[in-house]
$ cat coords.csv   # CSV, C-alpha atoms
chain,number,residue,atom,x,y,z
A,24,MET,CA,214.7,68.4,80.6
A,25,THR,CA,216.4,67.4,77.3
A,26,GLU,CA,220.1,68.0,77.1
A,27,LYS,CA,221.0,70.6,74.5
A,28,PHE,CA,222.6,69.3,71.3
A,29,PHE,CA,225.1,72.2,71.0
A,30,LYS,CA,227.5,73.1,73.8
A,31,LEU,CA,230.2,75.7,73.8
A,32,LEU,CA,233.3,75.5,76.0
A,33,LYS,CA,234.7,79.1,76.1
A,34,ASN,CA,238.1,80.6,76.7
A,35,VAL,CA,239.9,77.4,77.7
A,36,ASP,CA,243.6,76.7,77.1
A,37,VAL,CA,243.6,73.7,74.7
A,38,TYR,CA,246.2,71.0,74.5
A,39,ALA,CA,245.3,68.9,71.6
A,40,PRO,CA,247.8,67.5,72.7
A,41,ALA,CA,249.8,70.3,71.0
A,42,ALA,CA,249.3,73.6,72.8
A,43,LEU,CA,246.8,75.6,70.8
A,44,GLY,CA,246.4,78.5,73.2
A,45,LYS,CA,243.0,79.9,74.3
A,46,LYS,CA,240.2,78.6,72.2
A,47,ASP,CA,236.4,78.0,72.1
A,48,ILE,CA,235.2,74.5,71.4
A,49,LEU,CA,231.8,73.8,69.9
A,50,ILE,CA,230.3,70.4,70.6
A,51,ALA,CA,227.5,69.0,68.4
A,52,GLY,CA,226.1,65.9,69.9
A,53,GLU,CA,229.0,63.5,70.6
A,54,LYS,CA,231.5,65.2,68.3
A,55,ILE,CA,233.7,68.3,68.2
A,56,ALA,CA,232.0,70.5,65.6
A,57,ALA,CA,234.5,73.3,65.5
A,58,ILE,CA,237.5,74.9,67.3
A,59,GLY,CA,237.8,78.6,67.1
A,60,ASN,CA,239.0,81.8,68.7
A,61,SER,CA,237.2,83.5,71.5
A,62,GLY,CA,233.8,84.8,70.6
A,63,GLU,CA,233.7,83.1,67.2
A,64,PHE,CA,230.6,81.1,68.0
A,65,ASP,CA,228.8,83.4,70.4
A,66,GLU,CA,225.9,84.3,68.0
A,67,LEU,CA,224.8,80.7,67.5
A,68,PRO,CA,221.3,80.0,69.0
A,69,GLN,CA,220.4,77.2,71.3
A,70,VAL,CA,223.9,76.7,72.7
A,71,LYS,CA,224.7,75.9,76.3
A,72,ILE,CA,227.8,77.8,77.4
A,73,TYR,CA,230.5,76.7,79.8
A,74,GLU,CA,233.0,79.4,80.8
A,75,LEU,CA,236.4,77.9,81.4
A,76,GLU,CA,238.7,80.9,81.6
A,77,GLY,CA,242.0,80.1,83.2
A,78,GLN,CA,241.7,76.3,82.9
A,79,ARG,CA,243.3,73.8,80.6
A,80,LEU,CA,241.6,71.2,78.4
A,81,VAL,CA,243.2,68.0,77.3
A,82,PRO,CA,241.9,64.9,75.4
A,83,GLY,CA,240.0,62.4,77.5
A,84,PHE,CA,242.4,59.7,79.0
A,85,ILE,CA,242.6,56.3,77.3
A,86,ASP,CA,243.3,53.6,79.8
A,87,SER,CA,244.5,50.7,77.7
A,88,HIS,CA,244.8,48.2,80.6
A,89,ALA,CA,241.9,48.0,83.2
A,90,HIS,CA,240.2,45.0,84.9
A,91,ILE,CA,236.7,46.2,84.4
A,92,ILE,CA,235.1,43.0,85.8
A,93,GLY,CA,237.8,42.7,88.5
A,94,GLY,CA,240.8,40.6,88.7
A,95,GLY,CA,243.1,38.9,91.2
A,96,GLY,CA,242.4,35.8,93.2
A,97,GLU,CA,246.1,34.9,93.7
A,98,GLY,CA,245.5,34.8,97.5
A,99,GLY,CA,242.3,32.7,97.3
A,100,PHE,CA,238.7,33.4,96.4
A,101,GLN,CA,238.4,36.1,99.0
A,102,THR,CA,241.1,38.2,97.1
A,103,ARG,CA,239.0,38.5,93.9
A,104,THR,CA,238.8,42.2,93.2
A,105,PRO,CA,235.4,43.9,92.5
A,106,GLU,CA,234.4,45.1,89.1
A,107,ALA,CA,234.4,48.7,88.0
A,108,VAL,CA,231.5,51.2,88.3
A,109,LEU,CA,231.0,54.1,85.9
A,110,SER,CA,231.7,57.1,88.2
A,111,LYS,CA,234.8,55.5,89.6
A,112,ILE,CA,236.3,55.6,86.1
A,113,THR,CA,235.1,59.0,84.9
A,114,VAL,CA,236.2,60.8,88.0
A,115,CYS,CA,239.8,59.7,87.2
A,116,GLY,CA,239.6,61.4,83.8
A,117,VAL,CA,239.2,58.2,81.8
A,118,THR,CA,236.8,58.4,78.9
A,119,THR,CA,238.0,55.3,76.9
A,120,VAL,CA,238.8,52.0,78.6
A,121,CYS,CA,240.2,48.7,77.4
A,122,GLY,CA,239.2,45.8,79.6
A,123,LEU,CA,241.0,42.5,80.0
A,124,LEU,CA,241.4,39.4,82.1
A,125,GLY,CA,244.5,38.5,84.1
A,126,THR,CA,245.6,35.5,86.2
A,127,ASP,CA,242.1,34.1,86.4
A,128,GLY,CA,240.8,32.9,83.0
A,129,ILE,CA,238.7,30.2,84.6
A,130,ALA,CA,236.2,31.8,87.0
A,131,ARG,CA,236.3,35.0,84.9
A,132,HIS,CA,235.3,34.8,81.2
A,133,VAL,CA,235.9,36.8,78.1
A,134,GLU,CA,232.1,36.7,77.4
A,135,SER,CA,231.5,38.4,80.8
A,136,LEU,CA,234.2,41.0,80.0
A,137,LEU,CA,232.5,41.8,76.7
A,138,ALA,CA,229.1,42.2,78.4
A,139,LYS,CA,230.6,44.5,81.0
A,140,ALA,CA,232.2,46.6,78.2
A,141,HIS,CA,228.8,46.9,76.5
A,142,GLY,CA,227.2,48.0,79.7
A,143,LEU,CA,229.8,50.7,80.4
A,144,GLU,CA,229.4,51.9,76.8
A,145,GLN,CA,225.7,52.3,77.2
A,146,GLU,CA,226.3,54.3,80.4
A,147,GLY,CA,228.5,56.8,78.5
A,148,LEU,CA,232.1,55.5,78.1
A,149,THR,CA,233.9,54.2,75.0
A,150,THR,CA,235.1,50.6,75.6
A,151,TYR,CA,237.2,47.9,74.0
A,152,ILE,CA,238.5,44.6,75.3
A,153,TYR,CA,241.3,42.1,74.8
A,154,THR,CA,240.5,38.5,74.3
A,155,GLY,CA,242.3,35.9,76.5
A,156,ALA,CA,244.0,35.8,79.9
A,157,TYR,CA,247.5,35.0,81.3
A,158,GLN,CA,247.6,31.5,79.9
A,159,LEU,CA,248.4,29.9,76.5
A,160,PRO,CA,246.3,28.5,74.9
A,161,THR,CA,244.2,31.4,76.0
A,162,PRO,CA,240.5,31.6,76.5
A,163,THR,CA,238.4,33.2,73.7
A,164,ILE,CA,234.7,33.6,72.7
A,165,THR,CA,234.7,32.0,69.3
A,166,GLY,CA,237.5,29.4,69.9
A,167,SER,CA,240.1,31.4,68.0
A,168,VAL,CA,242.0,34.6,68.8
A,169,LEU,CA,242.0,35.5,65.1
A,170,LYS,CA,238.3,35.0,64.8
A,171,ASP,CA,237.6,37.0,68.0
A,172,ILE,CA,239.5,40.0,66.6
A,173,MET,CA,238.0,39.8,63.2
A,174,MET,CA,234.4,39.1,64.1
A,175,ILE,CA,233.8,40.9,67.4
A,176,ASP,CA,233.9,44.7,67.1
A,177,LYS,CA,235.2,45.5,70.6
A,178,VAL,CA,238.1,43.0,70.5
A,179,ILE,CA,241.3,44.8,69.6
A,180,GLY,CA,243.8,42.0,70.3
A,181,PRO,CA,244.8,39.3,72.8
A,182,GLY,CA,245.8,40.1,76.4
A,183,GLU,CA,246.8,40.2,79.1
A,184,ILE,CA,249.2,37.3,78.2
A,185,ALA,CA,251.8,36.6,80.9
A,186,MET,CA,255.5,36.5,80.2
A,187,SER,CA,258.4,36.0,82.5
A,188,ASP,CA,256.1,35.3,85.4
A,189,HIS,CA,255.5,32.3,87.7
A,190,ARG,CA,251.7,32.8,87.1
A,191,SER,CA,252.0,32.1,83.4
A,192,SER,CA,251.5,28.7,81.8
A,193,GLN,CA,255.2,28.8,80.9
A,194,PRO,CA,254.8,29.0,77.1
A,195,THR,CA,257.7,28.5,74.7
A,196,LEU,CA,259.0,31.1,72.3
A,197,GLU,CA,257.1,29.3,69.5
A,198,ASP,CA,253.8,29.6,71.5
A,199,TYR,CA,254.2,33.4,71.8
A,200,LYS,CA,255.3,33.7,68.1
A,201,ARG,CA,252.2,31.7,66.9
A,202,LEU,CA,249.9,33.9,69.0
A,203,ALA,CA,251.5,37.0,67.6
A,204,GLY,CA,251.0,35.8,64.0
A,205,GLU,CA,247.4,35.1,64.7
A,206,ALA,CA,246.8,38.5,66.3
A,207,ARG,CA,248.6,40.3,63.4
A,208,VAL,CA,246.5,38.6,60.7
A,209,GLY,CA,243.3,39.2,62.7
A,210,GLY,CA,244.1,42.8,63.0
A,211,MET,CA,244.9,43.1,59.3
A,212,LEU,CA,241.7,41.5,58.2
A,213,SER,CA,239.6,43.6,60.5
A,214,GLY,CA,241.4,46.9,60.2
A,215,LYS,CA,242.3,46.8,63.9
A,216,ALA,CA,245.6,47.0,65.7
A,217,GLY,CA,245.7,43.3,66.6
A,218,VAL,CA,248.2,44.1,69.4
A,219,LEU,CA,249.3,41.7,72.1
A,220,ASN,CA,249.0,43.1,75.6
A,221,ILE,CA,251.9,41.4,77.4
A,222,HIS,CA,251.9,41.2,81.2
A,223,MET,CA,255.6,41.4,82.2
A,224,GLY,CA,256.5,39.7,85.4
A,225,ASP,CA,259.7,39.8,87.5
A,226,GLY,CA,261.2,36.7,85.9
A,227,LYS,CA,264.8,36.6,84.8
A,228,THR,CA,264.0,36.1,81.2
A,229,GLY,CA,262.6,39.7,81.0
A,230,LEU,CA,261.9,40.8,77.4
A,231,SER,CA,264.2,38.2,75.8
A,232,TYR,CA,261.3,36.4,74.1
A,233,LEU,CA,260.1,39.6,72.5
A,234,PHE,CA,263.5,40.5,71.3
A,235,ALA,CA,263.9,37.1,69.8
A,236,ILE,CA,260.6,37.2,68.0
A,237,ALA,CA,261.3,40.7,66.6
A,238,ASP,CA,264.9,39.9,65.7
A,239,GLU,CA,264.3,36.5,64.2
A,240,GLY,CA,260.9,36.7,62.6
A,241,GLU,CA,258.6,38.9,60.6
A,242,ILE,CA,256.4,40.3,63.4
A,243,PRO,CA,257.2,44.0,64.0
A,244,ARG,CA,257.8,45.3,67.5
A,245,THR,CA,254.7,47.5,67.4
A,246,GLN,CA,252.6,44.3,67.5
A,247,PHE,CA,253.3,44.0,71.2
A,248,ILE,CA,252.6,46.2,74.1
A,249,PRO,CA,254.7,45.0,77.1
A,250,THR,CA,253.1,46.4,80.2
A,251,HIS,CA,254.3,46.9,83.8
A,252,ILE,CA,257.6,47.8,82.3
A,253,ASN,CA,258.5,49.9,85.4
A,254,ARG,CA,258.0,47.0,87.9
A,255,ASN,CA,261.8,46.7,88.4
A,256,GLU,CA,265.0,48.3,87.3
A,257,ASN,CA,266.3,45.6,85.1
A,258,LEU,CA,263.0,45.3,83.2
A,259,PHE,CA,262.8,49.0,82.8
A,260,LYS,CA,266.2,49.2,81.3
A,261,GLU,CA,265.3,46.4,78.8
A,262,GLY,CA,262.1,48.3,78.1
A,263,ILE,CA,264.1,51.5,77.2
A,264,GLN,CA,266.1,49.5,74.7
A,265,TRP,CA,263.0,47.8,73.3
A,266,ALA,CA,261.4,51.2,72.7
A,267,LYS,CA,264.5,52.8,71.2
A,268,ASP,CA,264.5,49.9,68.8
A,269,GLY,CA,260.9,50.8,67.7
A,270,GLY,CA,258.6,49.0,70.2
A,271,TYR,CA,256.2,50.4,72.7
A,272,MET,CA,256.8,50.5,76.5
A,273,ASP,CA,253.7,50.7,78.7
A,274,ILE,CA,254.4,52.2,82.1
A,275,THR,CA,251.9,51.2,84.8
A,276,SER,CA,250.7,54.2,86.8
A,277,GLY,CA,249.7,52.0,89.8
A,278,ILE,CA,253.2,50.5,90.2
A,279,VAL,CA,255.2,52.7,92.6
A,280,PRO,CA,258.3,52.3,94.8
A,281,GLY,CA,257.5,51.0,98.2
A,282,LYS,CA,254.4,49.1,97.1
A,283,THR,CA,256.1,46.9,94.4
A,284,GLY,CA,259.7,46.0,95.2
A,285,THR,CA,262.2,47.9,93.2
A,286,ALA,CA,259.7,49.7,91.0
A,287,VAL,CA,260.5,52.9,89.1
A,288,LYS,CA,258.0,55.7,89.9
A,289,PRO,CA,255.9,56.1,86.7
A,290,SER,CA,256.4,59.9,86.3
A,291,THR,CA,260.2,59.3,86.7
A,292,ALA,CA,260.1,56.4,84.3
A,293,VAL,CA,258.7,58.7,81.6
A,294,LYS,CA,261.3,61.3,82.3
A,295,ARG,CA,264.1,58.7,82.2
A,296,ALA,CA,262.8,57.2,79.0
A,297,LEU,CA,262.7,60.6,77.2
A,298,ASP,CA,266.2,61.5,78.5
A,299,SER,CA,267.5,58.1,77.3
A,300,GLY,CA,266.4,58.9,73.7
A,301,VAL,CA,263.1,57.0,73.6
A,302,PRO,CA,260.8,58.6,71.0
A,303,LEU,CA,257.8,60.2,72.8
A,304,LYS,CA,255.4,58.2,70.6
A,305,GLN,CA,256.7,54.9,71.9
A,306,ILE,CA,255.8,55.7,75.6
A,307,LEU,CA,252.4,54.7,76.9
A,308,MET,CA,250.9,54.7,80.4
A,309,SER,CA,248.0,52.6,81.7
A,310,SER,CA,246.6,52.0,85.2
A,311,ASP,CA,246.0,48.3,85.8
A,312,GLY,CA,242.9,49.6,87.5
A,313,MET,CA,240.7,47.2,89.5
A,314,GLY,CA,243.4,44.5,89.1
A,315,SER,CA,245.0,42.9,92.1
A,316,MET,CA,248.4,44.0,93.3
A,317,PRO,CA,249.7,40.8,95.0
A,318,ILE,CA,252.8,40.8,97.1
A,319,PHE,CA,254.8,37.6,97.1
A,320,ASP,CA,257.6,36.4,99.4
A,321,GLU,CA,260.8,34.9,98.2
A,322,ALA,CA,259.2,31.5,98.0
A,323,GLY,CA,256.4,32.8,95.7
A,324,ASN,CA,253.7,32.8,98.5
A,325,THR,CA,251.1,35.5,98.5
A,326,ILE,CA,251.6,37.6,101.6
A,327,GLY,CA,249.4,40.6,100.7
A,328,VAL,CA,247.2,42.1,98.0
A,329,GLY,CA,246.0,45.5,97.0
A,330,VAL,CA,243.8,46.9,94.2
A,331,GLY,CA,244.9,48.9,91.2
A,332,ASP,CA,243.7,52.5,91.3
A,333,GLN,CA,242.8,54.3,88.1
A,334,SER,CA,243.3,57.7,89.8
A,335,SER,CA,247.0,57.0,89.6
A,336,ILE,CA,246.9,58.0,85.9
A,337,PHE,CA,246.1,61.6,86.8
A,338,SER,CA,248.3,61.8,89.8
A,339,GLU,CA,251.3,60.6,87.7
A,340,LEU,CA,250.4,63.1,84.9
A,341,ARG,CA,250.5,65.8,87.5
A,342,ASP,CA,253.9,64.6,88.8
A,343,MET,CA,255.3,64.5,85.3
A,344,VAL,CA,254.4,68.2,85.0
A,345,LYS,CA,255.1,69.4,88.5
A,346,LEU,CA,258.0,67.2,89.7
A,347,GLU,CA,259.7,66.1,86.5
A,348,GLN,CA,259.2,69.4,84.7
A,349,ILE,CA,257.8,67.7,81.5
A,350,PRO,CA,255.7,70.1,79.5
A,351,LEU,CA,252.0,69.2,79.7
A,352,GLU,CA,251.8,68.9,75.9
A,353,THR,CA,254.4,66.2,76.1
A,354,ALA,CA,253.2,64.4,79.2
A,355,ILE,CA,249.6,64.2,78.1
A,356,CYS,CA,250.6,62.2,75.0
A,357,THR,CA,251.4,59.1,77.1
A,358,ILE,CA,247.7,58.6,78.1
A,359,THR,CA,246.0,60.1,75.0
A,360,SER,CA,247.4,60.4,71.5
A,361,ASN,CA,250.2,57.8,71.9
A,362,VAL,CA,247.7,55.2,73.1
A,363,ALA,CA,245.2,56.1,70.4
A,364,ASP,CA,247.8,55.7,67.7
A,365,ALA,CA,249.2,52.4,69.1
A,366,LEU,CA,245.7,50.9,69.3
A,367,LYS,CA,244.5,52.4,66.0
A,368,LEU,CA,241.8,54.4,67.6
A,369,SER,CA,243.0,57.8,66.5
A,370,ALA,CA,240.2,58.3,63.9
A,371,ARG,CA,238.0,59.1,66.9
A,372,LYS,CA,240.2,59.3,70.0
A,373,GLY,CA,243.3,60.8,71.6
A,374,TYR,CA,243.2,64.2,70.0
A,375,VAL,CA,241.2,67.4,70.3
A,376,GLU,CA,240.3,67.9,66.7
A,377,GLU,CA,237.2,68.7,64.7
A,378,GLN,CA,235.0,65.6,63.9
A,379,LYS,CA,236.6,63.5,66.6
A,380,ASP,CA,234.7,62.5,69.7
A,381,ALA,CA,234.2,65.2,72.3
A,382,ASP,CA,236.2,63.5,75.1
A,383,PHE,CA,237.9,66.0,77.3
A,384,VAL,CA,239.4,66.5,80.7
A,385,VAL,CA,239.4,70.1,82.1
A,386,ILE,CA,242.2,70.8,84.6
A,387,ASP,CA,241.8,73.8,86.9
A,388,ASP,CA,244.5,76.2,88.0
A,389,SER,CA,245.3,74.0,91.0
A,390,PHE,CA,246.0,71.1,88.7
A,391,GLU,CA,242.9,69.1,89.8
A,392,ILE,CA,240.3,67.6,87.5
A,393,ASN,CA,237.4,70.0,87.3
A,394,GLN,CA,235.4,68.5,84.4
A,395,VAL,CA,235.3,65.3,82.4
A,396,TRP,CA,233.4,65.1,79.1
A,397,ALA,CA,232.7,61.7,77.3
A,398,LYS,CA,231.2,61.8,73.8
A,399,GLY,CA,229.9,65.3,74.4
A,400,ARG,CA,228.3,64.6,77.7
A,401,LEU,CA,229.5,66.2,80.9
A,402,MET,CA,230.2,63.3,83.3
A,403,VAL,CA,232.2,65.1,86.0
A,404,ASP,CA,231.7,68.7,87.2
A,405,LYS,CA,233.7,70.5,89.9
A,406,GLY,CA,235.6,67.3,90.5
A,407,CYS,CA,232.4,65.3,91.3
A,408,PRO,CA,230.6,62.7,89.2
A,409,ILE,CA,227.2,64.0,88.0
A,410,VAL,CA,226.4,60.9,85.9
A,411,LYS,CA,226.2,57.6,87.8
A,412,GLY,CA,226.1,54.0,86.7
A,413,THR,CA,222.8,52.1,86.6
A,414,PHE,CA,223.3,50.5,90.0
A,415,GLU,CA,225.2,53.3,91.8
$ encode --input "coords.csv" --output "structure tokens"
Amino acid sequence: MTEKFFKLLKNVDVYAPAALGKKDILIAGEKIAAIGNSGEFDELPQVKIYELEGQRLVPGFIDSHAHIIGGGGEGGFQTRTPEAVLSKITVCGVTTVCGLLGTDGIARHVESLLAKAHGLEQEGLTTYIYTGAYQLPTPTITGSVLKDIMMIDKVIGPGEIAMSDHRSSQPTLEDYKRLAGEARVGGMLSGKAGVLNIHMGDGKTGLSYLFAIADEGEIPRTQFIPTHINRNENLFKEGIQWAKDGGYMDITSGIVPGKTGTAVKPSTAVKRALDSGVPLKQILMSSDGMGSMPIFDEAGNTIGVGVGDQSSIFSELRDMVKLEQIPLETAICTITSNVADALKLSARKGYVEEQKDADFVVIDDSFEINQVWAKGRLMVDKGCPIVKGTFE
């Protein structure tokens, strides 16, 4: 049976992310056609109605850092993590995903990453990718980071480029600066963000290269998204200063105390950043989903490995609200509107507004995910995926 073009979500508390109160939302195809008061659209014919009384609706989550073709390998070939499947993403509330490579830019390729992104898009998500991997010079599709950004629609910048990490290619300050310039021009010429997704390791240099580039050159702080900023206390404190100075800090939802050394719990990191005076719009959160979570001993040997879990995005959102007492309309910005603004996706994503994509997460009164909508299509209902990937 053909899916109806018009759908009406009724009597739901809308966080756009601003709290709008109880509203009805009319979906036309993939877009939000109108947002109105209760009963305003009841007379429209050929509309499928979803009654959501007592539930909260927020924008679909944007995961700006996910290893959709898998990652890892730091413990040998057997530790290469598996690639993503559609329902494992949507059940976490993620409707837009940005894929990237990590340590392995040899046996994994940007071309394969692009192909996977196209596949997930055809299955119902919205997808983008970063070109490159940890190393500099970094792998590309066209032979140039600038050209990849400008000529390949899905490429929004280079990443994940390693910094302050023993797994990097140990680039110089000038290497990073040159890449930043290339990314910036590529973004300007194509109307994209051209941001550098920077993997931050546990090295002693921390964010010093980024401070030097921003303080000594012409590249603005917003050209960089340093991620894993909560991996240790020293890096987190540097990240707070970086964000107070106008840069972004990307907190990894999958990095938690006990699993990763002296990590700062993600929900606590958001609370501390806000209390320290970091503007809300500078705080982002991503999952590192499907990536490896290697554990190293003091000599740098791999002694264990886990896999990044995208579900941590929602669990940390819940902890922001329940444990840290951050209002939902504030907490939700870190995985929706802030990310959309930083990546220049806000013309379509990150907000519940008319003419934007109908990407929603509906949260029930127990603060569990009830529904997930992606481009006007119900992907998850009653917490269970109802749309599966091609080979699921």
$ residues_around --input "coords.csv" --residues "Val385 in chain A" --least-positions-apart "3" --cutoff "12 Å" --atoms "all atoms listed in the file" --output "PyMOL selection string"
chain A and resi 32-38+73-84+114-117+337+382+388-397+401-406
$ write_last_selection --input "coords.csv" --atoms "C-alpha atoms" --output "JSON list (two decimals), in the coordinates of the input"
[["chain", "number", "residue", "atom", "x", "y", "z"],
["A", 32, "LEU", "CA", 233.30, 75.50, 76.00],
["A", 33, "LYS", "CA", 234.70, 79.10, 76.10],
["A", 34, "ASN", "CA", 238.10, 80.60, 76.70],
["A", 35, "VAL", "CA", 239.90, 77.40, 77.70],
["A", 36, "ASP", "CA", 243.60, 76.70, 77.10],
["A", 37, "VAL", "CA", 243.60, 73.70, 74.70],
["A", 38, "TYR", "CA", 246.20, 71.00, 74.50],
["A", 73, "TYR", "CA", 230.50, 76.70, 79.80],
["A", 74, "GLU", "CA", 233.00, 79.40, 80.80],
["A", 75, "LEU", "CA", 236.40, 77.90, 81.40],
["A", 76, "GLU", "CA", 238.70, 80.90, 81.60],
["A", 77, "GLY", "CA", 242.00, 80.10, 83.20],
["A", 78, "GLN", "CA", 241.70, 76.30, 82.90],
["A", 79, "ARG", "CA", 243.30, 73.80, 80.60],
["A", 80, "LEU", "CA", 241.60, 71.20, 78.40],
["A", 81, "VAL", "CA", 243.20, 68.00, 77.30],
["A", 82, "PRO", "CA", 241.90, 64.90, 75.40],
["A", 83, "GLY", "CA", 240.00, 62.40, 77.50],
["A", 84, "PHE", "CA", 242.40, 59.70, 79.00],
["A", 114, "VAL", "CA", 236.20, 60.80, 88.00],
["A", 115, "CYS", "CA", 239.80, 59.70, 87.20],
["A", 116, "GLY", "CA", 239.60, 61.40, 83.80],
["A", 117, "VAL", "CA", 239.20, 58.20, 81.80],
["A", 337, "PHE", "CA", 246.10, 61.60, 86.80],
["A", 382, "ASP", "CA", 236.20, 63.50, 75.10],
["A", 388, "ASP", "CA", 244.50, 76.20, 88.00],
["A", 389, "SER", "CA", 245.30, 74.00, 91.00],
["A", 390, "PHE", "CA", 246.00, 71.10, 88.70],
["A", 391, "GLU", "CA", 242.90, 69.10, 89.80],
["A", 392, "ILE", "CA", 240.30, 67.60, 87.50],
["A", 393, "ASN", "CA", 237.40, 70.00, 87.30],
["A", 394, "GLN", "CA", 235.40, 68.50, 84.40],
["A", 395, "VAL", "CA", 235.30, 65.30, 82.40],
["A", 396, "TRP", "CA", 233.40, 65.10, 79.10],
["A", 397, "ALA", "CA", 232.70, 61.70, 77.30],
["A", 401, "LEU", "CA", 229.50, 66.20, 80.90],
["A", 402, "MET", "CA", 230.20, 63.30, 83.30],
["A", 403, "VAL", "CA", 232.20, 65.10, 86.00],
["A", 404, "ASP", "CA", 231.70, 68.70, 87.20],
["A", 405, "LYS", "CA", 233.70, 70.50, 89.90],
["A", 406, "GLY", "CA", 235.60, 67.30, 90.50]]
$ residues_near_point --input "coords.csv" --point "(230.0, 53.6, 83.1)" --cutoff "8 Å" --atoms "only C-alpha atoms" --output "PyMOL selection string"
chain A and resi 108-110+112-113+142-148+411-412
$ closest_residue --input "coords.csv" --among "A:Ile248, A:Cys356, A:Ala51, A:Leu230" --to "Glu183 in chain A" --atoms "only C-alpha atoms"
A:Ile248
$ residues_around --input "coords.csv" --residues "range 288-300 of chain A" --least-positions-apart "2" --cutoff "6 Å" --atoms "only C-alpha atoms" --output "mmCIF file with C-alpha atoms, keeping the file's coordinate frame"
data_model
loop_
_atom_site.group_PDB
_atom_site.id
_atom_site.type_symbol
_atom_site.label_atom_id
_atom_site.label_comp_id
_atom_site.auth_asym_id
_atom_site.auth_seq_id
_atom_site.Cartn_x
_atom_site.Cartn_y
_atom_site.Cartn_z
ATOM 1 C CA SER A 276 250.700 54.200 86.800
ATOM 2 C CA VAL A 279 255.200 52.700 92.600
ATOM 3 C CA PRO A 280 258.300 52.300 94.800
ATOM 4 C CA GLU A 339 251.300 60.600 87.700
ATOM 5 C CA ASP A 342 253.900 64.600 88.800
ATOM 6 C CA MET A 343 255.300 64.500 85.300
#
$ atom_distance --input "coords.csv" --atom1 "CA of Met174 in chain A" --atom2 "CA of Gly217 in chain A"
12.3 Å
$ closest_residue --input "coords.csv" --among "A:Lys379, A:Lys372, A:Lys27, A:Arg190" --to "Thr149 in chain A" --atoms "only C-alpha atoms"
A:Lys372
$ residues_around --input "coords.csv" --residues "Gly122 in chain A" --least-positions-apart "2" --cutoff "12 Å" --atoms "only C-alpha atoms" --output "PyMOL selection string"
chain A and resi 85-94+106-107+119-120+124-125+132-141+143-144+149-156+177-183+220+309-314
$ closest_residue --input "coords.csv" --among "A:Arg201, A:Pro40, A:Ile349, A:Gly210" --to "Ala363 in chain A" --atoms "all atoms listed in the file"
A:Pro40
$ atom_distance --input "coords.csv" --atom1 "CA of Arg341 in chain A" --atom2 "CA of Thr359 in chain A"
14.5 Å
$ atom_distance --input "coords.csv" --atom1 "CA of Lys304 in chain A" --atom2 "CA of Gly59 in chain A"
27.2 Å
$ closest_residue --input "coords.csv" --among "A:Ala216, A:Ile175, A:Leu159, A:Val328" --to "Gly95 in chain A" --atoms "all atoms listed in the file"
A:Val328
$ closest_residue --input "coords.csv" --among "A:Val375, A:Ala370, A:Met173, A:Ile184" --to "Ile48 in chain A" --atoms "all atoms listed in the file"
A:Val375
$ closest_residue --input "coords.csv" --among "A:Ala206, A:Leu346, A:Val330, A:Val301" --to "Gln264 in chain A" --atoms "all atoms listed in the file"
A:Val301
$ residues_around --input "coords.csv" --residues "Glu376 in chain A" --least-positions-apart "2" --cutoff "9 Å" --atoms "all atoms listed in the file" --output "list in words"
Ala39, Ile55, Ala56, Ala57, Ile58, Tyr374, Gln378, Lys379, Asp380 and Ala381 of chain A
